[in-house]
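What's in run-v6.pdb: PDB, C-alpha atoms and all ligand atoms
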ATOM      1  CA  MET O  86       0.000   0.000   0.000
ATOM      2  CA  PRO O  87       1.315   3.501  -0.764
ATOM      3  CA  ARG O  88       2.131   5.512   2.324
ATOM      4  CA  LYS O  89      -0.409   8.160   3.337
ATOM      5  CA  ILE O  90       1.188  11.595   3.547
ATOM      6  CA  ALA O  91      -0.224  14.906   4.758
ATOM      7  CA  ALA O  92       2.315  17.438   3.525
ATOM      8  CA  GLY O  93       2.459  21.154   4.201
ATOM      9  CA  ASN O  94       4.389  23.471   1.895
ATOM     10  CA  TRP O  95       4.936  26.740   3.708
ATOM     11  CA  LYS O  96       6.421  28.387   0.588
ATOM     12  CA  MET O  97       8.033  31.758   1.459
ATOM     13  CA  ASN O  98       6.174  32.010   4.748
ATOM     14  CA  GLY O  99       7.223  31.370   8.308
ATOM     15  CA  MET O 100       9.266  32.991  11.043
ATOM     16  CA  LYS O 101      10.658  31.447  14.219
ATOM     17  CA  SER O 102       7.369  32.354  15.866
ATOM     18  CA  SER O 103       5.586  30.013  13.404
ATOM     19  CA  LEU O 104       7.136  27.012  15.155
ATOM     20  CA  SER O 105       4.430  27.339  17.793
ATOM     21  CA  GLU O 106       1.988  26.036  15.152
ATOM     22  CA  LEU O 107       4.008  22.827  14.995
ATOM     23  CA  ARG O 108       3.784  22.413  18.757
ATOM     24  CA  ILE O 109      -0.014  22.622  18.504
ATOM     25  CA  LEU O 110       0.023  20.037  15.695
ATOM     26  CA  GLU O 111       2.315  17.828  17.771
ATOM     27  CA  ASP O 112      -0.172  17.800  20.644
ATOM     28  CA  LYS O 113      -2.921  16.641  18.295
ATOM     29  CA  HIS O 114      -1.096  14.447  15.792
ATOM     30  CA  GLY O 115       2.283  13.608  17.329
ATOM     31  CA  ASP O 116       1.408   9.887  17.345
ATOM     32  CA  ALA O 117      -0.254   9.732  13.909
ATOM     33  CA  ASP O 118       0.452   6.594  11.928
ATOM     34  CA  ILE O 119       0.368   8.490   8.643
ATOM     35  CA  ALA O 120       3.359  10.571   7.550
ATOM     36  CA  ILE O 121       3.088  14.266   8.339
ATOM     37  CA  LEU O 122       5.568  16.258   6.293
ATOM     38  CA  ILE O 123       6.337  19.916   6.880
ATOM     39  CA  CYS O 124       8.289  21.849   4.244
ATOM     40  CA  PRO O 125       9.195  25.144   5.910
ATOM     41  CA  PRO O 126      11.529  27.746   4.387
ATOM     42  CA  PHE O 127      15.213  26.764   4.559
ATOM     43  CA  THR O 128      15.738  29.111   7.503
ATOM     44  CA  LEU O 129      13.519  27.007   9.775
ATOM     45  CA  ILE O 130      14.578  23.472   8.833
ATOM     46  CA  SER O 131      17.096  23.022  11.652
ATOM     47  CA  ALA O 132      14.639  24.449  14.144
ATOM     48  CA  CYS O 133      12.081  21.789  13.147
ATOM     49  CA  GLU O 134      14.422  18.938  13.994
ATOM     50  CA  ASP O 135      12.931  18.291  17.409
ATOM     51  CA  THR O 136       9.389  17.865  16.090
ATOM     52  CA  PRO O 137       7.985  14.351  15.453
ATOM     53  CA  PHE O 138       7.209  15.315  11.847
ATOM     54  CA  ASP O 139       9.074  14.591   8.656
ATOM     55  CA  ILE O 140      10.773  17.726   7.394
ATOM     56  CA  GLY O 141      11.414  18.683   3.791
ATOM     57  CA  GLY O 142      13.107  21.414   1.806
ATOM     58  CA  GLN O 143      11.201  23.202  -0.958
ATOM     59  CA  ASP O 144      13.972  22.997  -3.558
ATOM     60  CA  CYS O 145      17.586  21.903  -3.942
ATOM     61  CA  HIS O 146      20.448  22.446  -6.360
ATOM     62  CA  THR O 147      21.638  19.668  -8.657
ATOM     63  CA  ALA O 148      25.211  19.856  -7.333
ATOM     64  CA  GLU O 149      26.525  18.597  -3.985
ATOM     65  CA  ALA O 150      28.407  21.815  -3.255
ATOM     66  CA  GLY O 151      30.170  24.625  -5.035
ATOM     67  CA  ALA O 152      30.015  28.179  -6.296
ATOM     68  CA  HIS O 153      26.239  28.638  -6.508
ATOM     69  CA  THR O 154      25.430  31.723  -4.487
ATOM     70  CA  GLY O 155      22.091  31.563  -2.764
ATOM     71  CA  ASP O 156      21.439  27.906  -3.543
ATOM     72  CA  ILE O 157      21.070  24.951  -1.175
ATOM     73  CA  SER O 158      22.221  21.401  -1.890
ATOM     74  CA  ALA O 159      20.332  18.230  -1.056
ATOM     75  CA  GLU O 160      23.241  17.278   1.255
ATOM     76  CA  MET O 161      22.739  20.531   3.171
ATOM     77  CA  LEU O 162      19.040  19.787   3.562
ATOM     78  CA  ALA O 163      19.814  16.315   4.884
ATOM     79  CA  ASP O 164      22.446  17.765   7.215
ATOM     80  CA  ALA O 165      19.906  20.271   8.557
ATOM     81  CA  GLY O 166      17.470  17.450   9.367
ATOM     82  CA  ALA O 167      15.333  17.127   6.253
ATOM     83  CA  SER O 168      14.346  13.760   4.832
ATOM     84  CA  TYR O 169      12.324  15.049   1.869
ATOM     85  CA  VAL O 170      12.576  17.787  -0.736
ATOM     86  CA  LEU O 171       9.994  19.194  -3.142
ATOM     87  CA  THR O 172      11.188  19.315  -6.736
ATOM     88  CA  GLY O 173       9.522  20.893  -9.736
ATOM     89  CA  HIS O 174       6.886  22.882  -7.877
ATOM     90  CA  SER O 175       5.000  24.952 -10.447
ATOM     91  CA  GLU O 176       6.098  28.154  -8.711
ATOM     92  CA  ARG O 177       9.712  27.157  -9.366
ATOM     93  CA  ARG O 178       8.929  26.076 -12.909
ATOM     94  CA  THR O 179       7.292  29.492 -13.499
ATOM     95  CA  ASP O 180       9.395  31.861 -11.371
ATOM     96  CA  HIS O 181      12.757  30.247 -12.119
ATOM     97  CA  GLY O 182      12.177  28.657 -15.519
ATOM     98  CA  GLU O 183      12.807  25.143 -14.209
ATOM     99  CA  THR O 184      12.572  22.535 -16.965
ATOM    100  CA  ASP O 185      11.673  18.863 -16.685
ATOM    101  CA  ALA O 186      15.342  17.967 -17.198
ATOM    102  CA  LEU O 187      16.403  20.241 -14.353
ATOM    103  CA  VAL O 188      13.694  18.805 -12.100
ATOM    104  CA  ALA O 189      14.924  15.283 -12.892
ATOM    105  CA  ALA O 190      18.505  16.312 -12.063
ATOM    106  CA  LYS O 191      17.381  17.875  -8.780
ATOM    107  CA  SER O 192      15.414  14.738  -7.933
ATOM    108  CA  GLN O 193      18.490  12.605  -8.644
ATOM    109  CA  ALA O 194      20.541  14.921  -6.394
ATOM    110  CA  ALA O 195      17.930  14.339  -3.691
ATOM    111  CA  TYR O 196      18.290  10.540  -4.004
ATOM    112  CA  ASN O 197      22.076  10.854  -3.892
ATOM    113  CA  ALA O 198      21.748  12.669  -0.563
ATOM    114  CA  GLY O 199      19.307  10.090   0.806
ATOM    115  CA  LEU O 200      16.276  12.363   0.512
ATOM    116  CA  ILE O 201      12.829  11.459  -0.783
ATOM    117  CA  ALA O 202      11.860  13.681  -3.726
ATOM    118  CA  VAL O 203       8.280  14.940  -3.921
ATOM    119  CA  ILE O 204       8.138  15.612  -7.659
ATOM    120  CA  CYS O 205       5.398  18.109  -8.558
ATOM    121  CA  ILE O 206       3.537  18.069 -11.857
ATOM    122  CA  GLY O 207       0.362  19.677 -13.155
ATOM    123  CA  GLU O 208      -1.234  21.499 -16.048
ATOM    124  CA  THR O 209      -2.096  25.180 -16.465
ATOM    125  CA  LEU O 210      -5.651  26.353 -17.094
ATOM    126  CA  GLU O 211      -4.849  26.969 -20.768
ATOM    127  CA  GLU O 212      -3.534  23.434 -21.109
ATOM    128  CA  ARG O 213      -6.635  21.979 -19.417
ATOM    129  CA  GLU O 214      -8.989  24.031 -21.571
ATOM    130  CA  ALA O 215      -7.102  22.899 -24.663
ATOM    131  CA  GLY O 216      -7.658  19.275 -23.651
ATOM    132  CA  GLN O 217      -3.927  18.706 -23.090
ATOM    133  CA  THR O 218      -3.947  17.735 -19.414
ATOM    134  CA  LEU O 219      -2.917  14.111 -19.810
ATOM    135  CA  ASP O 220      -0.299  14.989 -22.432
ATOM    136  CA  VAL O 221       1.246  17.504 -20.035
ATOM    137  CA  ILE O 222       1.192  14.928 -17.245
ATOM    138  CA  ASP O 223       2.902  12.380 -19.515
ATOM    139  CA  ARG O 224       5.556  14.867 -20.589
ATOM    140  CA  GLN O 225       6.279  15.968 -17.016
ATOM    141  CA  LEU O 226       6.301  12.410 -15.674
ATOM    142  CA  SER O 227       8.699  11.144 -18.293
ATOM    143  CA  GLY O 228      10.890  14.253 -18.166
ATOM    144  CA  SER O 229      10.960  15.002 -14.430
ATOM    145  CA  VAL O 230      11.015  11.549 -12.827
ATOM    146  CA  PRO O 231      14.462   9.925 -13.063
ATOM    147  CA  GLN O 232      14.740   6.356 -14.300
ATOM    148  CA  SER O 233      16.339   5.485 -10.935
ATOM    149  CA  ALA O 234      13.157   6.453  -9.057
ATOM    150  CA  ASP O 235      11.271   3.971  -6.928
ATOM    151  CA  ALA O 236       8.425   4.128  -4.449
ATOM    152  CA  LEU O 237      10.783   4.480  -1.486
ATOM    153  CA  THR O 238      12.577   7.512  -2.907
ATOM    154  CA  THR O 239       9.826   9.265  -4.826
ATOM    155  CA  VAL O 240       6.409  10.775  -4.199
ATOM    156  CA  ILE O 241       4.414  12.350  -7.023
ATOM    157  CA  ALA O 242       2.304  15.438  -6.296
ATOM    158  CA  TYR O 243      -0.353  16.359  -8.848
ATOM    159  CA  GLU O 244      -0.960  20.079  -8.509
ATOM    160  CA  PRO O 245      -3.023  21.668 -11.272
ATOM    161  CA  VAL O 246      -1.519  25.144 -11.553
ATOM    162  CA  TRP O 247      -4.970  26.760 -11.794
ATOM    163  CA  ALA O 248      -5.984  25.268  -8.444
ATOM    164  CA  ILE O 249      -2.990  26.554  -6.480
ATOM    165  CA  GLY O 250      -3.922  29.369  -4.128
ATOM    166  CA  THR O 251      -7.096  30.135  -6.096
ATOM    167  CA  GLY O 252      -9.772  28.330  -4.095
ATOM    168  CA  LYS O 253     -10.662  26.481  -7.323
ATOM    169  CA  VAL O 254     -10.539  22.724  -6.943
ATOM    170  CA  PRO O 255     -10.966  20.173  -9.730
ATOM    171  CA  THR O 256     -13.957  17.880  -9.436
ATOM    172  CA  THR O 257     -13.294  14.551  -7.791
ATOM    173  CA  GLU O 258     -13.822  13.002 -11.239
ATOM    174  CA  GLN O 259     -11.076  15.184 -12.690
ATOM    175  CA  ILE O 260      -8.712  14.296  -9.838
ATOM    176  CA  ALA O 261      -9.591  10.612 -10.217
ATOM    177  CA  GLN O 262      -8.865  10.696 -13.940
ATOM    178  CA  VAL O 263      -5.432  12.272 -13.571
ATOM    179  CA  HIS O 264      -4.389  10.155 -10.578
ATOM    180  CA  ALA O 265      -5.458   6.948 -12.335
ATOM    181  CA  HIS O 266      -3.457   8.050 -15.367
ATOM    182  CA  ILE O 267      -0.374   8.768 -13.241
ATOM    183  CA  ARG O 268      -0.723   5.361 -11.554
ATOM    184  CA  THR O 269      -0.960   3.593 -14.907
ATOM    185  CA  ARG O 270       2.111   5.374 -16.238
ATOM    186  CA  LEU O 271       4.137   4.621 -13.090
ATOM    187  CA  GLN O 272       3.107   0.970 -13.189
ATOM    188  CA  SER O 273       4.186   0.599 -16.788
ATOM    189  CA  ARG O 274       7.567   2.215 -16.081
ATOM    190  CA  PHE O 275       8.513   1.015 -12.581
ATOM    191  CA  ASP O 276       8.219  -2.449 -11.009
ATOM    192  CA  ASP O 277       6.825  -0.886  -7.840
ATOM    193  CA  GLY O 278       4.684   1.724  -9.608
ATOM    194  CA  ALA O 279       1.659   0.633  -7.566
ATOM    195  CA  GLU O 280       3.463   1.658  -4.357
ATOM    196  CA  PHE O 281       4.310   5.285  -5.129
ATOM    197  CA  SER O 282       2.386   7.745  -2.935
ATOM    198  CA  LEU O 283       0.386  10.129  -5.124
ATOM    199  CA  LEU O 284      -0.562  13.440  -3.503
ATOM    200  CA  TYR O 285      -3.134  15.933  -4.710
ATOM    201  CA  GLY O 286      -2.354  19.638  -4.185
ATOM    202  CA  GLY O 287      -4.258  22.838  -4.910
ATOM    203  CA  SER O 288      -6.671  24.625  -2.534
ATOM    204  CA  VAL O 289      -7.008  21.650  -0.177
ATOM    205  CA  LYS O 290      -8.894  22.683   2.957
ATOM    206  CA  GLY O 291     -10.524  21.002   5.909
ATOM    207  CA  SER O 292     -13.860  21.340   4.137
ATOM    208  CA  ASN O 293     -12.858  19.434   0.974
ATOM    209  CA  ALA O 294     -10.133  17.102   2.268
ATOM    210  CA  ALA O 295     -12.356  14.107   3.044
ATOM    211  CA  ASP O 296     -13.892  14.134  -0.462
ATOM    212  CA  ILE O 297     -10.459  14.386  -2.078
ATOM    213  CA  PHE O 298      -9.000  11.595   0.076
ATOM    214  CA  ALA O 299     -11.879   9.313  -0.931
ATOM    215  CA  VAL O 300     -10.725   9.481  -4.567
ATOM    216  CA  PRO O 301      -8.946   6.307  -5.729
ATOM    217  CA  ASN O 302      -5.165   6.692  -6.064
ATOM    218  CA  VAL O 303      -5.073   9.771  -3.830
ATOM    219  CA  ASP O 304      -2.698   8.910  -0.988
ATOM    220  CA  GLY O 305      -2.573  12.330   0.635
ATOM    221  CA  ALA O 306      -2.242  16.023  -0.036
ATOM    222  CA  LEU O 307       0.364  18.710  -0.584
ATOM    223  CA  VAL O 308      -1.148  21.724   1.137
ATOM    224  CA  GLY O 309      -0.046  25.340   0.810
ATOM    225  CA  GLY O 310      -2.039  28.072   2.516
ATOM    226  CA  ALA O 311      -3.988  25.764   4.812
ATOM    227  CA  SER O 312      -0.778  24.253   6.218
ATOM    228  CA  LEU O 313       0.399  27.481   7.822
ATOM    229  CA  LYS O 314      -1.925  27.391  10.815
ATOM    230  CA  ALA O 315      -2.425  24.304  12.945
ATOM    231  CA  ALA O 316      -6.138  25.071  13.162
ATOM    232  CA  ASP O 317      -6.407  24.773   9.363
ATOM    233  CA  PHE O 318      -3.962  21.902   8.807
ATOM    234  CA  SER O 319      -5.190  19.708  11.656
ATOM    235  CA  PRO O 320      -8.603  18.876  10.094
ATOM    236  CA  ILE O 321      -6.834  17.903   6.852
ATOM    237  CA  ILE O 322      -4.496  15.563   8.766
ATOM    238  CA  ALA O 323      -7.479  14.167  10.669
ATOM    239  CA  ALA O 324      -9.355  13.532   7.411
ATOM    240  CA  LEU O 325      -6.410  11.552   6.024
ATOM    241  CA  GLU O 326      -6.014   9.619   9.265
ATOM    242  CA  SER O 327      -9.622   8.505   9.067
ATOM    243  CA  VAL O 328      -9.588   7.284   5.458
TER     244      VAL O 328
HETATM  245  P1  LIG N 401      -2.544  25.976  -1.856
HETATM  246  O1  LIG N 401      -2.944  24.844  -0.922
HETATM  247  O2  LIG N 401      -2.302  27.262  -1.140
HETATM  248  O3  LIG N 401      -3.469  26.068  -3.009
HETATM  249  O4  LIG N 401      -1.099  25.570  -2.470
HETATM  250  C1  LIG N 401      -0.910  24.320  -2.995
HETATM  251  C2  LIG N 401       0.543  24.148  -3.239
HETATM  252  O5  LIG N 401       1.106  24.764  -4.111
HETATM  253  C3  LIG N 401       1.269  23.217  -2.379
HETATM  254  O6  LIG N 401       2.550  22.967  -2.878
END
Can I see the file as structure tokens?
Ligand code: 13P
Amino acid sequence: MPRKIAAGNWKMNGMKSSLSELRILEDKHGDADIAILICPPFTLISACEDTPFDIGGQDCHTAEAGAHTGDISAEMLADAGASYVLTGHSERRTDHGETDALVAAKSQAAYNAGLIAVICIGETLEEREAGQTLDVIDRQLSGSVPQSADALTTVIAYEPVWAIGTGKVPTTEQIAQVHAHIRTRLQSRFDDGAEFSLLYGGSVKGSNAADIFAVPNVDGALVGGASLKAADFSPIIAALESV
């Protein structure tokens, strides 16, 4: 069975004072038997080390070290206490021009450092309206997921770009279609394709989490805005725990 994961991506949010939210979550979900992953900004990773949660970076460089001002390597993330890293988030693809090949190289760098890569894929609104969603998913899956991937080192997050931070959520039928497609593609390419955790991301909230988690091939969520406050993230975690 794929592992259930409730993941929070704090993006460029969070100060030291935000760690109090994790203490509230710890009181409620410290013993959860699903994985709870927090991806804070780099500046807070070390400070999260004493929480019971899995910790992830939001990006890494392809190289182990070197003259890359402002960048962070996967080794550095592991050294700071992370066990995961997001790669290929649409905000990085858009803001920093990240290509599928670069995302694959970053994911490979994550494996080399012993990190699990959460590889993010998803179509834009224009692509969906043009009927290209599954083509985009195929292109991103084949280009961004290294051939060395397996279910222990890789999580796939389907995040339709038009659903991120907009309050617009695909129908459960639309999510089901894309997740089933991703599962089929993984199974044809990897021996353990049935075991990869597949997360849905994009405007997940306490009020829609249970419906989304009931969709076949949805093994959890990658949550942005609603992961910043324990009061918002906790009902999402609880919904996944009760699936
Ligand atoms: P929101 O939950 O804020 O829509 O963000 C989703 C996301 O991008 C998580 O990586």
Quiz item: CA of Ile321 (chain O) and CA of His266 (chain O) are how many Å apart?
Solution: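 So the two atoms, CA of Ile321 (chain O) and CA of His266 (chain O), lie 24.5 Å apart.
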Exercise. In the coordinate frame of the file, compute which residues have an atom within 12 Å of (13.5, 22.2, 14.7) when using all atoms listed in the file, and state them as JSON, numbers by chain.
Key: {"O": [101, 102, 103, 104, 105, 107, 108, 123, 124, 125, 126, 127, 128, 129, 130, 131, 132, 133, 134, 135, 136, 137, 138, 139, 140, 141, 165, 166, 167]}
Quiz prompt | Shortest interatomic distance to Pro320 (chain O) - which of O:Met100, O:Ala242, O:Val289, O:Leu122, counting all atoms listed in the file | solution = O:Val289
Can you list every residue of chain O that has an atom at most 6 Å from ligand LIG 401 (chain N), with its nearest atom pair and the distance in Å to one decimal, using all atoms listed in the file, ordered by chain then number, as a tab-separated table?
residue	atom	partner	partner_atom	distance
O:Asn94	CA	N:LIG401	O6	5.1
O:Ile249	CA	N:LIG401	O3	3.5
O:Gly250	CA	N:LIG401	O3	3.5
O:Gly286	CA	N:LIG401	C1	5.0
O:Gly287	CA	N:LIG401	O3	3.8
O:Ser288	CA	N:LIG401	O3	3.5
O:Val289	CA	N:LIG401	O1	5.2
O:Leu307	CA	N:LIG401	C3	4.9
O:Val308	CA	N:LIG401	O1	4.1
O:Gly309	CA	N:LIG401	O1	3.4
O:Gly310	CA	N:LIG401	O2	3.8
O:Ala311	CA	N:LIG401	O1	5.9
Quiz item: Distance CA of Phe298 (chain O)-CA of His264 (chain O), one decimal place?
Solution: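 For CA of Phe298 (chain O) relative to CA of His264 (chain O), the distance reads 11.7 Å.
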Quiz item: What is the distance between CA of Ser227 (chain O) and CA of Ala186 (chain O), in Å to one decimal?
Solution: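 If I compute the distance from CA of Ser227 (chain O) to CA of Ala186 (chain O), I get 9.6 Å.
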